[in-house]
>>> print(open('coords.cif').read())   # mmCIF, C-alpha atoms
data_run
loop_
_atom_site.label_atom_id
_atom_site.label_comp_id
_atom_site.auth_asym_id
_atom_site.auth_seq_id
_atom_site.Cartn_x
_atom_site.Cartn_y
_atom_site.Cartn_z
CA SER H 23 -132.36 58.39 -80.62
CA ASP H 24 -134.98 55.64 -81.02
CA LEU H 25 -136.39 57.52 -84.01
CA LEU H 26 -133.05 57.53 -85.83
CA ALA H 27 -133.30 55.30 -88.90
CA TYR H 28 -130.38 54.24 -91.08
CA ASP H 29 -129.70 52.15 -94.14
CA PHE H 30 -126.11 51.70 -95.36
CA ASP H 31 -124.54 49.69 -98.15
CA LEU H 32 -120.78 49.38 -98.46
CA LYS H 33 -119.10 47.67 -101.39
CA GLY H 34 -115.43 47.04 -102.02
CA THR H 35 -113.64 45.48 -104.97
CA GLN H 36 -110.05 44.43 -105.56
CA ILE H 37 -108.94 45.35 -102.02
CA ASP H 38 -105.24 44.44 -101.74
CA VAL H 39 -104.99 42.27 -98.58
CA SER H 40 -101.21 42.61 -98.52
CA LYS H 41 -101.67 46.27 -97.56
CA ILE H 42 -103.65 45.47 -94.40
CA GLU H 43 -100.63 44.45 -92.31
CA PRO H 44 -97.68 44.63 -94.66
CA GLU H 45 -95.05 44.26 -91.93
CA ARG H 46 -96.58 41.18 -90.27
CA SER H 47 -98.37 39.30 -93.02
CA SER H 48 -97.05 37.56 -96.13
CA LEU H 49 -100.53 37.04 -97.60
CA ALA H 50 -101.33 38.32 -101.05
CA GLY H 51 -104.64 38.58 -102.89
CA GLU H 52 -107.58 40.84 -103.66
CA ALA H 53 -110.84 40.88 -101.74
CA ASP H 54 -114.34 41.73 -102.88
CA GLY H 55 -116.96 42.52 -100.27
CA TYR H 56 -120.42 43.77 -99.51
CA ILE H 57 -121.80 45.01 -96.16
CA HIS H 58 -125.40 46.05 -95.49
CA LEU H 59 -126.59 47.69 -92.26
CA ALA H 60 -130.15 48.82 -91.69
CA GLY H 61 -132.13 49.61 -88.58
CA ARG H 62 -133.71 52.07 -86.21
CA GLY H 63 -132.38 53.42 -82.89
CA ILE H 64 -128.99 53.29 -81.18
CA ASP H 65 -129.89 52.21 -77.62
CA PRO H 66 -128.73 48.54 -77.38
CA LEU H 67 -131.81 47.60 -75.34
CA LYS H 68 -134.28 49.19 -77.77
CA LEU H 69 -132.77 49.28 -81.25
CA SER H 70 -133.78 47.06 -84.14
CA ALA H 71 -131.11 46.39 -86.78
CA THR H 72 -129.86 43.92 -89.37
CA LEU H 73 -126.25 43.39 -90.48
CA VAL H 74 -125.26 41.32 -93.51
CA ALA H 75 -121.75 40.83 -94.90
CA GLU H 76 -120.38 38.82 -97.81
CA ILE H 77 -116.61 38.80 -98.41
CA ALA H 78 -114.67 36.74 -100.93
CA VAL H 79 -110.92 36.50 -101.42
CA PRO H 80 -110.17 34.47 -104.55
CA ASN H 81 -106.61 33.32 -105.10
CA LEU H 82 -105.39 34.11 -101.61
CA ALA H 83 -101.72 33.12 -101.52
CA ASP H 84 -98.81 32.91 -99.12
CA LYS H 85 -95.16 32.80 -100.12
CA SER H 86 -94.76 29.43 -98.36
CA ARG H 87 -97.66 27.88 -100.31
CA ALA H 88 -97.31 26.69 -103.88
CA SER H 89 -100.90 27.28 -104.97
CA PRO H 90 -103.46 29.93 -103.92
CA VAL H 91 -106.86 29.19 -102.36
CA ASP H 92 -110.27 30.82 -102.38
CA ILE H 93 -111.69 32.05 -99.05
CA ALA H 94 -115.33 33.08 -98.55
CA LEU H 95 -117.06 34.66 -95.54
CA SER H 96 -120.80 34.99 -95.10
CA PHE H 97 -122.39 36.73 -92.11
CA SER H 98 -125.95 37.61 -91.16
CA SER H 99 -127.25 38.90 -87.83
CA HIS H 100 -130.03 40.96 -86.37
CA MET H 101 -130.76 42.71 -83.10
CA ASP H 102 -134.14 43.58 -81.64
CA GLN H 103 -135.09 44.89 -78.19
CA GLY H 104 -131.82 43.86 -76.54
CA ARG H 105 -131.69 40.44 -78.18
CA ALA H 106 -128.75 39.91 -80.53
CA GLN H 107 -128.75 36.91 -82.81
CA VAL H 108 -126.15 35.59 -85.23
CA ASP H 109 -128.18 33.84 -87.89
CA ARG H 110 -125.17 32.78 -89.92
CA LEU H 111 -121.41 33.04 -89.83
CA THR H 112 -119.53 30.77 -92.19
CA ILE H 113 -115.95 30.80 -93.40
CA SER H 114 -115.02 28.26 -96.04
CA SER H 115 -112.44 27.25 -98.61
CA GLU H 116 -113.23 24.84 -101.41
CA GLN H 117 -109.60 23.94 -102.12
CA LEU H 118 -108.83 23.20 -98.46
CA ALA H 119 -112.24 21.54 -97.91
CA ALA H 120 -112.31 23.55 -94.67
CA ASN H 121 -115.24 25.34 -93.11
CA PHE H 122 -116.27 27.15 -89.94
CA SER H 123 -119.85 27.95 -88.98
CA THR H 124 -121.60 29.34 -85.94
CA THR H 125 -125.00 30.57 -84.78
CA GLY H 126 -126.04 32.09 -81.49
CA VAL H 127 -128.16 34.47 -79.50
CA VAL H 128 -127.53 36.80 -76.55
CA ALA H 129 -130.30 38.45 -74.50
CA MET H 130 -129.06 41.52 -72.68
CA ALA H 131 -132.06 41.79 -70.36
CA ASP H 132 -131.44 38.51 -68.51
CA ARG H 133 -127.82 38.09 -69.72
CA SER H 134 -128.59 34.68 -71.19
CA LEU H 135 -126.74 33.22 -74.15
CA ASN H 136 -126.86 30.20 -76.40
CA ALA H 137 -124.38 29.59 -79.21
CA THR H 138 -122.89 26.67 -81.11
CA PHE H 139 -120.04 26.36 -83.57
CA ASN H 140 -118.49 23.78 -85.84
CA CYS H 141 -115.03 23.84 -87.40
CA ASN H 142 -113.77 21.23 -89.85
CA ILE H 143 -110.19 21.33 -91.16
CA PRO H 144 -109.38 18.04 -92.92
CA ASN H 145 -106.10 19.44 -94.26
CA LEU H 146 -104.06 21.11 -91.52
CA THR H 147 -101.05 21.39 -93.79
CA GLY H 148 -102.70 23.71 -96.28
CA MET H 149 -104.58 25.76 -93.67
CA LEU H 150 -101.57 26.46 -91.45
CA GLU H 151 -99.32 27.24 -94.40
CA LEU H 152 -101.52 30.28 -94.99
CA ALA H 153 -100.36 31.51 -91.57
CA GLY H 154 -96.74 30.72 -92.36
CA ILE H 155 -96.71 27.58 -90.15
CA VAL H 156 -95.26 24.50 -91.82
CA GLY H 157 -94.75 20.89 -90.79
CA PHE H 158 -98.20 19.95 -89.49
CA GLN H 159 -100.16 17.05 -90.97
CA GLY H 160 -103.58 15.51 -90.43
CA GLY H 161 -107.04 16.93 -89.91
CA VAL H 162 -109.17 18.18 -87.03
CA THR H 163 -112.85 18.69 -86.27
CA LEU H 164 -113.85 20.99 -83.42
CA LYS H 165 -117.40 21.40 -82.16
CA GLY H 166 -118.68 23.34 -79.20
CA GLY H 167 -121.32 25.42 -77.55
CA VAL H 168 -121.96 28.02 -74.86
CA SER H 169 -125.21 28.29 -72.92
CA GLY H 170 -126.57 29.48 -69.60
CA SER H 171 -125.77 33.03 -68.59
CA MET H 172 -122.90 35.42 -69.14
CA ASP H 173 -122.22 35.29 -65.40
CA GLN H 174 -122.18 31.48 -65.18
CA PRO H 175 -121.77 30.04 -68.67
CA LEU H 176 -121.86 26.38 -69.58
CA VAL H 177 -119.18 25.53 -72.12
CA ASN H 178 -118.58 22.29 -74.00
CA LEU H 179 -115.93 21.45 -76.58
CA THR H 180 -115.35 18.30 -78.61
CA LEU H 181 -112.16 17.77 -80.58
CA ARG H 182 -111.21 14.99 -82.96
CA GLY H 183 -107.92 14.75 -84.76
CA ASP H 184 -106.92 12.19 -87.38
CA GLN H 185 -103.42 11.20 -88.54
CA LEU H 186 -101.91 14.10 -86.61
CA ALA H 187 -98.20 14.72 -86.99
CA TYR H 188 -95.62 17.48 -86.80
CA ALA H 189 -92.17 17.09 -88.33
CA ASP H 190 -90.72 13.90 -86.75
CA TYR H 191 -93.51 13.56 -84.19
CA ARG H 192 -96.66 11.45 -84.58
CA ALA H 193 -99.86 11.58 -82.53
CA GLY H 194 -102.29 9.45 -84.56
CA THR H 195 -105.95 9.82 -83.64
CA ILE H 196 -107.17 11.99 -80.75
CA ALA H 197 -110.67 12.31 -79.29
CA CYS H 198 -111.18 14.90 -76.56
CA GLU H 199 -114.21 16.31 -74.71
CA VAL H 200 -114.04 19.27 -72.31
CA ARG H 201 -116.86 21.05 -70.48
CA LEU H 202 -117.13 23.88 -67.99
CA ASP H 203 -120.08 23.53 -65.61
CA GLN H 204 -122.03 26.25 -63.80
CA ASP H 205 -119.97 25.71 -60.63
CA GLY H 206 -116.84 26.78 -62.48
CA ARG H 207 -115.30 23.31 -62.67
CA LEU H 208 -113.56 22.28 -65.88
CA HIS H 209 -114.04 18.61 -66.73
CA LEU H 210 -111.90 16.58 -69.08
CA SER H 211 -114.50 13.88 -69.67
CA GLN H 212 -112.56 12.23 -72.49
CA PHE H 213 -109.03 12.17 -73.80
CA ASP H 214 -108.25 9.15 -75.94
CA LEU H 215 -105.19 8.89 -78.17
CA SER H 216 -104.39 5.88 -80.33
CA HIS H 217 -101.51 5.27 -82.72
CA GLN H 218 -99.85 2.12 -84.00
CA GLY H 219 -101.51 -0.03 -81.34
CA ALA H 220 -100.67 2.33 -78.47
CA THR H 221 -103.34 3.98 -76.35
CA ILE H 222 -103.29 6.96 -73.99
CA GLN H 223 -106.36 7.78 -71.93
CA GLY H 224 -107.00 10.68 -69.55
CA ARG H 225 -109.87 11.83 -67.37
CA GLY H 226 -110.07 14.54 -64.75
CA SER H 227 -111.29 17.93 -63.56
CA VAL H 228 -110.05 21.20 -62.05
CA GLN H 229 -111.93 23.92 -60.15
CA VAL H 230 -111.08 26.97 -62.28
CA PHE H 231 -113.58 29.42 -60.80
CA ALA H 232 -114.91 29.83 -57.26
CA ALA H 233 -117.90 31.87 -56.07
CA ASP H 234 -118.99 34.73 -58.30
CA TYR H 235 -116.84 33.24 -61.04
CA LEU H 236 -113.61 34.60 -59.61
CA VAL H 237 -110.54 32.52 -60.39
CA ASP H 238 -110.01 29.95 -57.65
CA PRO H 239 -106.64 30.75 -56.02
CA PHE H 240 -105.83 27.06 -55.42
CA MET H 241 -107.66 25.26 -58.27
CA PRO H 242 -108.33 21.82 -56.67
CA MET H 243 -107.90 19.07 -59.22
CA ALA H 244 -108.08 15.35 -59.87
CA PHE H 245 -106.65 13.67 -62.95
CA ASP H 246 -105.85 10.13 -64.06
CA MET H 247 -103.95 9.05 -67.15
CA SER H 248 -102.89 5.66 -68.45
CA LEU H 249 -100.79 4.53 -71.38
CA ALA H 250 -100.40 1.08 -72.87
CA THR H 251 -97.99 -0.51 -75.39
CA LEU H 252 -96.56 2.85 -76.42
CA ARG H 253 -93.49 2.42 -78.62
CA VAL H 254 -91.44 5.59 -78.32
CA GLU H 255 -90.12 5.37 -81.88
CA ASP H 256 -93.68 5.27 -83.26
CA PHE H 257 -94.34 8.70 -81.75
CA TRP H 258 -90.89 10.22 -82.38
CA THR H 259 -89.28 8.78 -85.47
CA GLN H 260 -85.85 10.27 -84.62
CA SER H 261 -85.90 9.33 -80.94
CA PRO H 262 -82.47 8.36 -79.51
CA VAL H 263 -84.30 5.93 -77.21
CA LYS H 264 -86.35 2.92 -78.26
CA ALA H 265 -88.71 1.30 -75.78
CA THR H 266 -92.26 0.10 -75.17
CA LEU H 267 -93.95 1.95 -72.32
CA ASP H 268 -96.89 1.15 -70.04
CA GLY H 269 -97.93 3.18 -67.05
CA ARG H 270 -100.36 5.31 -65.14
CA LEU H 271 -100.36 8.77 -63.57
CA HIS H 272 -102.59 10.16 -60.81
CA LEU H 273 -102.74 13.88 -59.95
CA SER H 274 -104.55 15.34 -56.96
CA GLY H 275 -104.33 18.26 -54.58
CA SER H 276 -104.42 21.59 -56.37
CA VAL H 277 -102.65 23.35 -59.20
CA LYS H 278 -100.87 25.45 -56.56
CA GLN H 279 -99.93 22.44 -54.42
CA PRO H 280 -100.07 19.35 -56.63
CA ARG H 281 -99.62 15.76 -55.56
CA ALA H 282 -98.64 13.11 -58.09
CA GLU H 283 -98.09 9.38 -58.27
CA LEU H 284 -96.44 7.78 -61.31
CA LEU H 285 -95.85 4.19 -62.25
CA LEU H 286 -93.98 3.68 -65.51
CA GLN H 287 -92.74 0.45 -67.02
CA GLY H 288 -90.39 0.20 -69.99
CA SER H 289 -89.40 -2.91 -71.87
CA ASP H 290 -86.66 -3.55 -74.43
CA ILE H 291 -85.09 -0.16 -73.73
CA THR H 292 -82.27 0.72 -76.09
CA THR H 293 -80.24 3.93 -76.36
CA LEU H 294 -77.60 5.09 -78.78
CA ALA H 295 -75.02 3.81 -76.29
CA GLY H 296 -76.50 0.32 -76.33
CA PRO H 297 -79.21 -1.85 -74.72
CA VAL H 298 -80.50 -1.08 -71.22
CA GLY H 299 -83.09 -3.81 -70.67
CA ASP H 300 -86.36 -3.50 -68.81
CA ALA H 301 -87.15 -0.87 -66.19
CA GLU H 302 -89.87 0.09 -63.75
CA ILE H 303 -90.08 3.33 -61.79
CA LYS H 304 -92.42 4.43 -58.99
CA VAL H 305 -92.43 8.14 -58.20
CA LYS H 306 -94.40 10.31 -55.77
CA PHE H 307 -94.46 14.10 -55.62
CA THR H 308 -95.86 16.01 -52.62
CA ASN H 309 -95.30 19.60 -51.49
CA GLY H 310 -92.24 20.06 -53.68
CA LEU H 311 -90.64 16.76 -52.65
CA CYS H 312 -89.99 14.22 -55.39
CA ARG H 313 -89.54 10.71 -54.01
CA VAL H 314 -88.44 7.77 -56.12
CA ASP H 315 -89.70 4.75 -54.21
CA ALA H 316 -88.11 2.37 -56.66
CA LEU H 317 -86.30 2.32 -59.96
CA ASP H 318 -85.55 -1.25 -60.99
CA ILE H 319 -83.53 -2.11 -64.09
CA THR H 320 -83.09 -5.69 -65.28
CA ARG H 321 -81.30 -7.26 -68.22
CA GLY H 322 -80.41 -10.94 -68.30
CA LYS H 323 -79.01 -11.76 -64.83
CA THR H 324 -78.38 -8.09 -64.09
CA ALA H 325 -80.54 -6.32 -61.51
CA VAL H 326 -80.12 -2.72 -60.38
CA HIS H 327 -82.28 -1.01 -57.75
CA LEU H 328 -82.33 2.72 -57.02
CA SER H 329 -84.38 4.82 -54.60
CA GLY H 330 -84.12 8.35 -53.31
CA ARG H 331 -85.67 11.74 -52.88
CA MET H 332 -85.07 15.37 -53.88
CA GLN H 333 -86.66 18.59 -52.65
CA VAL H 334 -87.29 20.21 -56.03
CA LEU H 335 -89.54 23.09 -54.95
CA ALA H 336 -89.65 25.17 -51.81
CA PRO H 337 -92.45 23.82 -49.53
CA ASP H 338 -95.87 25.46 -50.03
CA SER H 339 -94.73 27.29 -53.15
CA PHE H 340 -93.88 26.89 -56.81
CA GLN H 341 -90.37 28.30 -56.31
CA LEU H 342 -87.73 26.10 -57.90
CA LEU H 343 -84.79 25.54 -55.56
CA SER H 344 -81.41 26.53 -57.01
CA ASP H 345 -79.44 23.88 -55.09
CA PRO H 346 -81.87 21.18 -53.92
CA GLU H 347 -81.07 18.59 -51.30
CA PHE H 348 -81.23 14.92 -52.23
CA GLU H 349 -80.63 11.37 -51.06
CA LEU H 350 -79.88 8.42 -53.34
CA ASP H 351 -79.38 4.72 -52.68
CA ALA H 352 -78.32 2.33 -55.44
CA ALA H 353 -77.61 -1.36 -55.39
CA GLY H 354 -76.68 -3.75 -58.16
CA LYS H 355 -76.36 -7.51 -58.01
CA GLN H 356 -74.73 -9.79 -60.54
CA ILE H 357 -74.32 -6.99 -63.06
CA GLU H 358 -73.18 -8.95 -66.10
CA MET H 359 -70.86 -6.63 -67.99
CA SER H 360 -71.32 -8.59 -71.22
CA ASP H 361 -75.00 -7.61 -71.16
CA TYR H 362 -73.91 -4.04 -71.91
CA THR H 363 -70.60 -4.25 -73.76
CA ASP H 364 -68.56 -6.71 -75.79
CA GLN H 365 -65.30 -5.24 -74.49
CA VAL H 366 -65.59 -6.39 -70.85
CA SER H 367 -66.75 -9.65 -69.28
CA GLY H 368 -67.47 -10.70 -65.73
CA THR H 369 -69.97 -9.76 -63.04
CA ILE H 370 -69.90 -7.09 -60.36
CA ASP H 371 -71.96 -6.12 -57.34
CA LEU H 372 -72.16 -2.49 -56.23
CA ARG H 373 -73.62 -0.37 -53.49
CA ALA H 374 -73.80 3.43 -53.52
CA GLN H 375 -75.18 6.01 -51.12
CA LEU H 376 -75.22 9.71 -51.91
CA LYS H 377 -76.71 12.71 -50.14
CA GLY H 378 -76.26 16.43 -49.75
CA THR H 379 -77.00 19.05 -52.35
CA VAL H 380 -76.58 19.01 -56.12
CA SER H 381 -73.57 21.33 -55.85
CA ASP H 382 -72.08 19.46 -52.85
CA PRO H 383 -72.84 15.73 -53.00
CA ARG H 384 -71.30 13.33 -50.50
CA GLY H 385 -71.42 9.56 -50.28
CA THR H 386 -69.84 6.16 -50.58
CA LEU H 387 -69.44 3.63 -53.40
CA VAL H 388 -68.59 -0.01 -52.87
CA VAL H 389 -67.87 -2.31 -55.80
#
>>> encode(input="coords.cif", output="structure tokens")
Amino acid sequence: SDLLAYDFDLKGTQIDVSKIEPERSSLAGEADGYIHLAGRGIDPLKLSATLVAEIAVPNLADKSRASPVDIALSFSSHMDQGRAQVDRLTISSEQLAANFSTTGVVAMADRSLNATFNCNIPNLTGMLELAGIVGFQGGVTLKGGVSGSMDQPLVNLTLRGDQLAYADYRAGTIACEVRLDQDGRLHLSQFDLSHQGATIQGRGSVQVFAADYLVDPFMPMAFDMSLATLRVEDFWTQSPVKATLDGRLHLSGSVKQPRAELLLQGSDITTLAGPVGDAEIKVKFTNGLCRVDALDITRGKTAVHLSGRMQVLAPDSFQLLSDPEFELDAAGKQIEMSDYTDQVSGTIDLRAQLKGTVSDPRGTLVV
């Protein structure tokens, strides 16, 4: 088999792409291509071969897109004595100003690998319309690499997005870095989002794989996120709630048994029903139990305090309870009715205590 030599050339012209998957794809256009394969041998550890491909699809169109685009693919690789190398793989479109490129090498003898890629899509709208997806705006750049061995690879990814939006939602600018180390731990070393003066930052890690690169059954994790001066209406233009949010979130434990602590502050909160005021909530979640240590709402002279707990999940599991138990305490002092409505004036104090289950609550209310 090592003496077998081959040399093939394959050419295609005016290949109708709409016939490839006529029931699933709405793409239309004609492709021209050229493929060259030459080498000797068929044993992957001994053969020597070269593969080259050039494919062009001018005027590729989709029914949801007004104007067609040109797509070009260029590929070159060779293999020798169990070492496979991608010298070039590029996919580009001049009209969309988009391109994807990668190079890499894999050695079968020692199972080592080293590859990098770069993807630049400055116009998400035009690119996704080709797949029949509409509504996205902005641009993204994605870079990454894989190294080490096939048994314990090192992976790194860097993402940047600019002026990102979908329909009525806005995300602004995003910078994100993720890496997988040789111990099987996935690190989020950077997540920074900024838009209209607001910032969201996140850092953390999770143990995805254990020994021998088997999936860790618990996936221990640690994650911290903070947000500052986030105006809800800047991120969701049709939001029924307007407010400025600040807060922080801490996650620990494991994916199977997470623990969470949340502090969230909202100012100038307004709903469709009217103004609410300022609010601050402190929440802890452990072993399926959600505990609200404090929810304080203030507006003018009005002050309302709530606290309570609810067993959302069955202990030591991810099973959602159908009728969870809860306790709730609420107290309000000098609630000025004119702060919330023009129809009623005066002040009230109230005290409420509720407990039981969602389907069978019991309690008292004193006004």
>>> resolve_selection(input="coords.cif", expression="the PyMOL selection byres ((chain H and resi 147-152) around 9)", output="list in words")
Ser48, Leu49, Leu82, Ala83, Asp84, Lys85, Ser86, Arg87, Leu118, Ala120, Ile143, Asn145, Leu146, Ala153, Gly154, Ile155, Val156, Gly157, Phe158, Gln159, Gly160 and Gly161 of chain H
>>> atom_distance(input="coords.cif", atom1="atom CA of Val366 of chain H", atom2="atom CA of Gly330 of chain H")
29.5 Å
>>> residues_around(input="coords.cif", residues="Glu116 of chain H", least_positions_apart="5", cutoff="10 Å", atoms="all atoms listed in the file", output="NGL selection string")
:H and (91-94 or 121)
>>> resolve_selection(input="coords.cif", expression="the PyMOL selection byres ((chain H and resi 355) around 10)", output="MDAnalysis selection string")
chainID H and resid 323:327 353:354 356:358 369:373
>>> closest_residue(input="coords.cif", among="H:Val228, H:Gly167, H:Gly310, H:His217", to="Ala187 of chain H", atoms="only C-alpha atoms")
H:His217
>>> atom_distance(input="coords.cif", atom1="atom CA of Leu135 of chain H", atom2="atom CA of Ser169 of chain H")
5.3 Å
>>> atom_distance(input="coords.cif", atom1="atom CA of Lys278 of chain H", atom2="atom CA of Leu236 of chain H")
16.0 Å
>>> resolve_selection(input="coords.cif", expression="the PyMOL selection byres ((chain H and resi 109) around 6)", output="list of chain:residue names")
H:Ser98, H:Ser99, H:Gln107, H:Val108, H:Arg110, H:Thr125
>>> closest_residue(input="coords.cif", among="H:Met130, H:Leu69, H:Leu284, H:Leu294", to="Leu317 of chain H", atoms="all atoms listed in the file")
H:Leu284
>>> residues_around(input="coords.cif", residues="Gly288 of chain H", least_positions_apart="3", cutoff="10 Å", atoms="only C-alpha atoms", output="PyMOL selection string")
chain H and resi 251-254+264-269+291+299-303+319
>>> closest_residue(input="coords.cif", among="H:Ser274, H:Ser367, H:Ser115, H:Gln103", to="Pro66 of chain H", atoms="all atoms listed in the file")
H:Gln103
>>> closest_residue(input="coords.cif", among="H:Leu202, H:Ala27, H:Ala75, H:Ala244", to="Leu176 of chain H", atoms="all atoms listed in the file")
H:Leu202
>>> residues_around(input="coords.cif", residues="Arg270 of chain H", least_positions_apart="3", cutoff="7 Å", atoms="all atoms listed in the file", output="JSON, numbers by chain")
{"H": [247, 248, 249, 284, 285, 286]}
>>> residues_near_point(input="coords.cif", point="(-82.6, 24.1, -54.6)", cutoff="10 Å", atoms="all atoms listed in the file", output="number ranges by chain")
H: 332-336, 341-348, 379-381
>>> residues_around(input="coords.cif", residues="Asp38 of chain H", least_positions_apart="2", cutoff="10 Å", atoms="only C-alpha atoms", output="number ranges by chain")
H: 35-36, 40-42, 49-54, 79
>>> residues_around(input="coords.cif", residues="Val74 of chain H", least_positions_apart="6", cutoff="8 Å", atoms="only C-alpha atoms", output="list in words")
Ile57, His58, Leu59, Ser96, Phe97, Ser98 and Ser99 of chain H
>>> axis_aligned_box(input="coords.cif", around="segment 26-38 of chain H", padding_each_side="4 Å", output="lines of an AutoDock Vina configuration file")
center_x = -119.3
center_y = 51.0
center_z = -95.7
size_x = 36.1
size_y = 21.1
size_z = 27.7
>>> residues_near_point(input="coords.cif", point="(-93.2, 9.1, -55.5)", cutoff="8 Å", atoms="all atoms listed in the file", output="ChimeraX atom specification")
/H:282-284,304-308,312-315
>>> closest_residue(input="coords.cif", among="H:Glu45, H:Asp132, H:Glu349, H:Asp361", to="Arg384 of chain H", atoms="only C-alpha atoms")
H:Glu349
